[in-house]
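Asker: One structure follows; several queries about it will come next.
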Amino acid sequence: MAASSCFPLAARCSFLLMGALVLALSYGAQGHGGAGVGLSSSFYDDSCPGVHDIVRRVIQRARVVDARIPASLIRLHFHDCFVQGCDGSLLLDNDLPAIMTEKEVPANDRSARGFEVVDDIKRALENACPGIVSCADILALASEISVKMAGGPRWSVPLGRRDGTTTNIESANNLPSPFDSLETIQEKFRNLGLDDTDLVALQGAHTFGRAQCQFTQQNCSAGQDEETLVNLDTVTPDVFDNKYYGNLLRGHAPLPSDQVMLSDDRAVTTTAPIVHRFSVSQKDFFKNFATSMVKMGNLSPLTGRAGEIRNNCRRVNKKAY
């Protein structure tokens with residue numbers, strides 16, 4: 001979906017979910033330049049102690065002029081992590097022949113947004129702590145801060161990822177479609193080490209944001225442009241809450257790939273009980289969402305001497321010869 005800002009599951013639509021490549025869950029064997037150190041929420045305590053406040057200030061400014069930004073930023077994190085791990089590859093622009101951008105695959109083309117806000121965050125961090133904070137970590141932090149700003153849960157974000165120097169178009173082209181069956185979606189999540197609870201919880205990020213009408217169950221009204229945006233939650237479209245699951249129970253989920261978690265025959269013994277749980281307990285949803293976000297954020301991070309810390313999130317650093 002064109003300028004959309006929901007969660008994963010996309011094919012040009014603002015939902016942040018994703019798909020493909022079988023990636024093993026990894027908590028990182030090494031930290032920033034140290035051996036045997038995994039990702040840690042205190043990773044930047046000494047090297048960039050103001051990182052959280054800097055990221056928060058930039059997002060808050062952006063949110064004032066664009067209420068969709070929090071949903072847009074979390075979608076970037078999803079689409080980054082589900083293509084060769086959380087390495088910031090989605091942020092890279094074309095630099096042919098070496099780099100072909102993931103931004104132009106169907107799941108992201110004219111729908112993935114918020115890149116300028118990431119640029120602003122990176123500039124602010126480079127001014128405060130040059131060469132320290134990775135673009136991949138910016139996405140992870142921005143996601144937690146965005147959810148919290150919108151009324152959702154907070155969680156401790158493991159940090160210490162480094163940035164990749166390649167993209168993966170094949171994997172990016174396999175991001176889930178909003179018209180995928182439940183079986184297909186479950187398989188794509190399982191391939192990444194994510195179970196049904198993760199699936200239902202992470203899909204809950206569709207509680208805020210927008211999607212293009214062409215990807216909804218009702219499709220577009222007569223005379224409506226196919227890229228017209230519709231709220232994923234018509235009651236509280238910019239608030240992170242559990243109303244999304246109530247919409248599912250009433251058959252009102254705009255995205256077909258969401259509704260199948262309740263309507264598909266397979267759902268009865270898999271996803272439907274979880275949907276019911278989350279619909280009656282926002283606390284339960286918030287707890288599981290935070291847990292699943294940490295789990296997703298640990299998909300194959302680059303640590304230690306792998307990758308780099310990009311100076312500009314859109315480009316791989318130039319090598320000195």
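Residues in the structure tokens are named by chain (A, B, ... in the order shown) and by number from 1 within that chain; ligands are numbered from 1 in the order shown.
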Need to verify the contact set: Tyr245 (chain A), 8 Å, only C-alpha atoms, exclusion of same-chain residues closer than 4 positions in sequence. Can you return it as a VMD selection string?
Answerer: chain A and resid 204 249 275 to 276 278 to 279
Asker: If you keep C-alpha atoms, can you produce a file of those selected residues as a tab-separated table (two decimals), in the first residue's frame?
Answerer:
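So selection-v8.tsv came out as:
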```
chain	number	residue	atom	x	y	z
A	204	GLY	CA	-1.76	-7.03	16.79
A	249	LEU	CA	-14.32	-11.26	16.50
A	275	VAL	CA	-7.36	-14.05	19.47
A	276	HIS	CA	-10.10	-14.59	22.07
A	278	PHE	CA	-6.15	-11.05	23.69
A	279	SER	CA	-9.60	-9.59	22.97
```
Asker: Leaving out Arg154 (chain A) and any residue of its chain fewer than 6 positions from it, which residues lie within 10 Å of it when counting only C-alpha atoms, given as a ChimeraX atom specification?
Answerer: /A:144-148,286-287,289-290
Asker: Check the smallest atom-to-atom distance from each of A:Pro106, A:Pro158, A:Gly152, A:Gly50 to Pro301 (chain A) using only C-alpha atoms, then report the winner.
Answerer: A:Pro158
Asker: Between CA of Gln203 (chain A) and CA of Asp258 (chain A), what is the distance in Å, rounded to a tenth?
Answerer: 7.2 Å
Asker: Find the residues around Ser42 (chain A) up to 12 Å (only C-alpha atoms counted), leave out those fewer than 6 positions away in its own chain, and share them as an NGL selection string.
Answerer: :A and (31-32 or 48-52 or 156-160)
Asker: I need the chosen residues saved as a CSV table (one decimal), in the first residue's frame, with N, CA, C and O atoms.
Answerer:
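selection.csv, freshly written:
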```
chain,number,residue,atom,x,y,z
A,31,GLY,N,29.3,-8.8,21.2
A,31,GLY,CA,28.8,-7.4,21.3
A,31,GLY,C,29.6,-6.5,20.5
A,31,GLY,O,30.4,-6.9,19.6
A,32,HIS,N,29.5,-5.2,20.7
A,32,HIS,CA,30.2,-4.2,19.9
A,32,HIS,C,31.6,-4.2,20.2
A,32,HIS,O,32.1,-3.6,21.1
A,48,CYS,N,27.0,5.9,24.5
A,48,CYS,CA,26.0,6.9,24.0
A,48,CYS,C,24.8,6.9,25.0
A,48,CYS,O,23.7,6.4,24.7
A,49,PRO,N,25.0,7.4,26.2
A,49,PRO,CA,24.0,7.3,27.2
A,49,PRO,C,22.7,8.0,26.9
A,49,PRO,O,21.7,7.7,27.5
A,50,GLY,N,22.7,8.9,26.0
A,50,GLY,CA,21.4,9.7,25.7
A,50,GLY,C,20.7,9.1,24.5
A,50,GLY,O,19.7,9.7,24.0
A,51,VAL,N,21.0,7.9,24.1
A,51,VAL,CA,20.4,7.4,22.9
A,51,VAL,C,18.9,7.3,22.9
A,51,VAL,O,18.2,7.7,21.9
A,52,HIS,N,18.3,6.8,24.0
A,52,HIS,CA,16.9,6.7,24.1
A,52,HIS,C,16.2,8.1,24.0
A,52,HIS,O,15.2,8.2,23.3
A,156,SER,N,12.2,-3.7,27.5
A,156,SER,CA,13.7,-3.5,27.5
A,156,SER,C,14.2,-4.0,26.1
A,156,SER,O,14.1,-5.2,25.8
A,157,VAL,N,14.8,-3.1,25.3
A,157,VAL,CA,15.2,-3.4,24.0
A,157,VAL,C,16.7,-3.9,24.0
A,157,VAL,O,17.6,-3.1,24.3
A,158,PRO,N,16.9,-5.2,23.7
A,158,PRO,CA,18.3,-5.6,23.5
A,158,PRO,C,19.0,-4.9,22.4
A,158,PRO,O,18.4,-4.7,21.3
A,159,LEU,N,20.2,-4.4,22.7
A,159,LEU,CA,20.9,-3.6,21.7
A,159,LEU,C,22.3,-4.1,21.4
A,159,LEU,O,22.8,-4.9,22.2
A,160,GLY,N,22.9,-3.6,20.4
A,160,GLY,CA,24.3,-4.1,20.0
A,160,GLY,C,24.4,-4.7,18.6
A,160,GLY,O,25.4,-5.3,18.3
```
Asker: How many Å lie between CA of Thr271 (chain A) and CA of Leu229 (chain A), rounded to one decimal?
Answerer: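 Rounded to one decimal, the two atoms are 27.3 Å apart.
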